[in-house]
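Worksheet: the structure to be examined is printed underneath.
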Amino acid sequence: MSKDLLLEIGTEEIPAKFMPGALAQLENITKTKLAELRIAHGEVRTVGTPRRLAVIIRAVAGSQADKHSENKGPSVKIAFAEDGTPTKAALGFARGQGVDPSALVVKDGYIYAVVQEVGRQTTELLPELLTDIINHLSFPKSMRWGHLDMRFARPIRWVVALFGSEVVPFTLPGVTSGNMTRGHRFLGKAEIEVNSVEDYFSRLDENYVMVDPDVRRRVIREQIETLALSRGGTATIDAELLEEVVHLVEYPTALCGSFEEKYLSLPPEAIITPMREHQRYFPVTGKDGKLLPMFITVRNGGAEHIDIVCHGNERVLKARLADARFFFEEDQKVALTDRVEKLKSIVFQEGLGTLYDKVLRLERLAAAIGQMQGISQEELTIVNRGAHLAKADLVTGMVCEFTELQGIMGREYALLHGENPAVAQAIFEHYLPRFAGDMLPQTTAGRLISIADKMDNIVATFSRGLIPTGSQDPYALRRQALGIVHILIEAKYPVSLTAIAAQAMDLLGISDSERQTKLLADIQDFFRLRIKNVLTDEALKYDMIDAVLAVGVDDIYDTWLRAKAMAVEGGTIAMQKAVQALIRVGNLAKNASSETIDPGLFTAEAEHALYKAYIDARAAVAKHEAEKNYQGVLTVLAAMAAPIDAFFGAVMVMVEDTAVKNNRLALLKAISGLSAHTADLTKIVVI
């Protein structure tokens with residue numbers, strides 16, 4: 001008879017950022033372990049709060065499924081002697097399979113052990129299973145506590161394990177499983193008896209624990225929106241902040257606080273950052289979209305004495321905003337341009353000079369990329385000024401206190417000191433994108449300085465041998481490379497990565513040719529994986545991606561255009577036929593010893609027709625490639641399928657006449673080269 005299974009791991013407060021991954025792991029590990037043990041079950045659901053991780057498995061079978069298997073052993077010749085008695089090989093195989101040698105079965109010239117394993121009762125397996133699930137959970141950081149050897153995100157204080165209404169007995173270091181959970185740390189009971197899954201949810205609810213994070217998320221959003229609306233505003237609910245708050249509380253209650261209007265004279269980001277990043281507050285805006293002097297936060301508890309809690313939060317925010325206002329006013333006493341000199345006292349990376357040295361490189365590299373793009377002298381002036389001031393805000397008091405404001409405060413201070421607004425915007429944009437899904441720079445100067453800054457970081461770090469491996473990427477180089485890829489694609493910049501990287505190496509003083517070659521190869525491979533990830537996210541088929549990348553990734557925008565063209569044309573029937581024909585052409589073209597085509601050696605009409613089709617296609621392909629119209633290139637190649645098929649139907653290529661054979665192979669080699677700048681069509685999987 002099937003029963004529901006409940007496992008709750010009670011702990012000290014787990015960091016909010018650990019929770020989503022831990023809950024996903026708990027679900028996956030549970031499903032995997034149940035499958036390994038052949039235990040049938042229904043829905044698997046995970047829930048949790050900062051003090052608990054729980055998994056509920058519905059309709060868990062009362063026993064394992066029986067196992068029937070036929071395991072193949074040695075051949076009959078090896079397994080039996082001439083007189084039919086089992087050899088040592090057969091005896092050893094039978095012993096390893098746990099069967100009597102007389103039970104071995106002969107089939108297809110081999111011996112088999114037929115194993116019938118009767119499923120054990122689930123109750124016998126659960127203690128080890130649940131212990132195994134807990135031990136397989138991993139976290140970004142784990143800890144030991146007391147004198148115990150066990151490692152977990154935080155100390156485990158209790159474990160609930162129920163199969164139906166029965167306790168599943170097992171022991172962890174310092175803890176024995178039972179049916180006693182705990183309510184809210186301050187509002188609920190210290191011990192709560194649980195006798196079923198339904199009982200678990202209802203008893204926790206009675207004790208001020210919303211154990212389901214989806215419920216907490218919905219309640220928090222509704223409370224925040226309603227509270228903001230009641231105060232005549234609209235709450236800005238950042239998804240990442242909301243997710244963090246969900247995993248900070250067990251029983252949420254939103255509250256609204258205020259701050260003095262004088263702080264609204266600060267740049268909006270200087271107010272929002274202390275709210276969001278330091279205090280986990282949600283800002284509120286009016287109908288005009290401007291900040292209102294209020295905030296909304298979420299308390300882990302009920303509405304009792306909410307005014308006292310609100311006052312405490314207001315005092316904390318007031319101190320933060322007072323600091324911000326002080327730094328903002330003090331920073332304005334020194335012009336941004338006068339701060340550049342102070343960058344000489346900040347080391348960029350070990351052995352790679354100071355931030356001032358980086359600024360000098362940034363000016364030259366951004367200008368070089370701009371010249372590659374043919375920008376005007378007016379734009380180049382903005383690029384040079386923006387690059388010169390790009391890092392100056394790093395030595396301001398505001399950014400030293402609130403590091404998240406780098407670039408933002410640079411923009412604000414540049415405007416306050418009379419810099420060109422385009423320069424100010426470039427200072428802000430050169431840090432973009434800062435995270436996955438972030439905005440991209442929209443101005444020419446912002447794009448060029450951003451590309452230069454990120455490429456300098458990548459080349460400099462690679463030159464120290466610090467290439468990201470596995471999950472280790474302390475300098476966020478993958479994110480920066482992806483940023484370059486996205487910027488080049490959106491800006492439609494046809495620029496050579498090799499040229500930019502080589503320029504960055506020169507500016508870093510990397511002159512050894514062998515070292516340069518190695519670094520360029522590593523950087524190309526690094527970017528190849530980034531553009532592959534981007535194309536995969538665009539749902540392009542793996543073979544099309546491989547076909548496009550095989551031609552090269554030096555020009556990211558060009559690679560993108562070729563991939564998008566493949567996505568459109570690659571799935572058509574005409575293109576499939578062309579791929580089949582061109583693969584056959586390519587296979588024979590490998591035998592070509594000459595590239596010279598002599599129409600005078602053609603002996604069949606199909607040869608003349610194919611040659612004419614090739615001449616026309618070559619001109620059309622060249623025109624389309626010049627216009628970066630790769631869909632047009634692929635359409636031309638698709639039209640070649642018919643004359644190619646006619647050629648192979650009428651002509652034998654590998655004839656005895658060497659001159660005729662080589663002439664035909666030269667023609668095929670020329671045709672196979674038509675796609676050389678678009679995609680390696682031999683990598684396309686033809687269905």
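Each chain in the structure tokens gets a letter, A, B, ..., in the order shown, and its residues are numbered from 1; ligands are numbered from 1 in order too.
Those residues that approach Ala563 (chain A) to within 8 Å, counting only C-alpha atoms, are Leu535, Leu540, Met544, Ile545 and Val548 of chain A; same-chain residues fewer than 6 positions away are not listed.
By chain and then residue number, the residues within 9 Å of Lys358 (chain A) are Phe348, Leu352, Gly353, Thr354, Leu355, Arg361, Leu362, Glu363, Asp453, Asp456 and Leu508 of chain A, counting only C-alpha atoms and disregarding those fewer than 3 positions away in sequence.
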If you run DSSP on the backbone here, which positions in region 28-172 of chain A get strand (DSSP E or B)? Please write them as a CSV table (one decimal) with C-alpha atoms, in the first residue's frame.
chain,number,residue,atom,x,y,z
A,44,VAL,CA,7.9,15.1,-5.5
A,45,ARG,CA,7.6,18.6,-4.1
A,46,THR,CA,10.1,20.6,-2.1
A,47,VAL,CA,9.3,23.4,0.3
A,48,GLY,CA,11.4,25.4,2.8
A,49,THR,CA,12.1,28.4,4.9
A,52,ARG,CA,14.1,24.1,7.1
A,53,LEU,CA,14.4,22.2,3.9
A,54,ALA,CA,11.6,19.7,3.3
A,55,VAL,CA,10.6,17.2,0.6
A,56,ILE,CA,7.2,15.6,0.2
A,57,ILE,CA,6.8,12.5,-1.9
A,58,ARG,CA,3.3,11.4,-2.7
A,59,ALA,CA,2.1,7.8,-3.0
A,60,VAL,CA,5.4,6.1,-2.3
A,63,SER,CA,8.0,-2.1,-1.7
A,67,LYS,CA,14.1,-6.9,-10.7
A,68,HIS,CA,14.5,-9.4,-13.5
A,69,SER,CA,17.8,-9.3,-15.5
A,70,GLU,CA,19.8,-11.5,-17.8
A,71,ASN,CA,23.5,-10.7,-17.4
A,72,LYS,CA,25.8,-11.8,-20.2
A,73,GLY,CA,28.9,-13.9,-19.4
A,74,PRO,CA,31.7,-15.5,-21.3
A,75,SER,CA,31.2,-17.5,-24.5
A,80,PHE,CA,32.5,-25.2,-20.5
A,86,PRO,CA,31.8,-25.6,-16.1
A,105,VAL,CA,21.5,-20.3,-19.4
A,106,VAL,CA,23.1,-20.7,-22.8
A,107,LYS,CA,21.9,-18.3,-25.5
A,110,TYR,CA,27.1,-17.2,-24.6
A,111,ILE,CA,26.1,-18.0,-21.0
A,112,TYR,CA,23.7,-15.8,-19.1
A,113,ALA,CA,22.8,-15.5,-15.5
A,114,VAL,CA,19.1,-15.0,-15.0
A,115,VAL,CA,18.7,-12.9,-11.8
A,116,GLN,CA,15.4,-12.6,-10.1
A,117,GLU,CA,15.5,-10.1,-7.2
A,121,GLN,CA,9.9,-3.4,1.8
A,143,MET,CA,30.3,24.2,7.9
A,152,PHE,CA,26.0,21.2,6.1
A,156,ILE,CA,21.1,20.6,11.8
A,157,ARG,CA,18.9,20.9,14.9
A,158,TRP,CA,16.0,18.5,14.1
A,159,VAL,CA,14.8,16.0,11.5
A,160,VAL,CA,11.2,15.0,10.7
A,161,ALA,CA,10.9,11.7,8.8
A,162,LEU,CA,7.4,10.2,8.3
A,163,PHE,CA,6.2,7.4,6.1
A,166,GLU,CA,5.1,6.2,11.1
A,167,VAL,CA,8.5,7.7,12.0
A,171,THR,CA,20.5,9.1,13.2
A,172,LEU,CA,22.7,11.9,12.0
Which of region 101-250 of chain A fall in helix (DSSP H, G or I), as number ranges by chain: A: 101-103, 122-136, 197-206, 213-230, 239-246
Could I get the residues of region 385-468 of chain A with an atom no further than 9 Å from an atom of region 261-271 of chain A, each paired with its nearest atom pair and that distance in Å to one decimal, using only C-alpha atoms, sorted by chain and residue number, as a tab-separated table?
residue	atom	partner	partner_atom	distance
A:Met398	CA	A:Ala270	CA	8.4
A:Phe402	CA	A:Ala270	CA	8.3
A:Leu405	CA	A:Ala270	CA	7.3
A:Ile408	CA	A:Glu269	CA	7.5
A:Met409	CA	A:Ala270	CA	8.2
A:Glu412	CA	A:Pro267	CA	7.5
Residues from the last selection, N, CA and C atoms, saved as a compact mmCIF listing (two decimals), in the first residue's frame:
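As a result, again26.txt now contains:
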# COMPACT_ATOMS: atom_id res chain seq x y z
N MET A 398 31.73 58.13 -2.27
CA MET A 398 30.46 57.45 -2.51
C MET A 398 30.68 56.03 -3.02
N PHE A 402 29.68 52.66 -1.32
CA PHE A 402 28.65 51.89 -2.03
C PHE A 402 29.23 51.48 -3.39
N LEU A 405 27.71 51.51 -6.98
CA LEU A 405 27.44 52.76 -7.71
C LEU A 405 28.55 53.16 -8.67
N ILE A 408 27.81 54.77 -12.16
CA ILE A 408 26.64 55.62 -11.94
C ILE A 408 27.08 56.97 -11.37
N MET A 409 27.90 56.93 -10.32
CA MET A 409 28.38 58.18 -9.73
C MET A 409 29.35 58.89 -10.67
N GLU A 412 27.16 60.93 -12.78
CA GLU A 412 26.57 62.06 -12.06
C GLU A 412 27.60 63.16 -11.80
Residue nearest Asp323 (chain A) - candidates A:Glu243, A:Asp288, A:Asp307, A:Glu401, atoms counted: only C-alpha atoms: A:Glu401
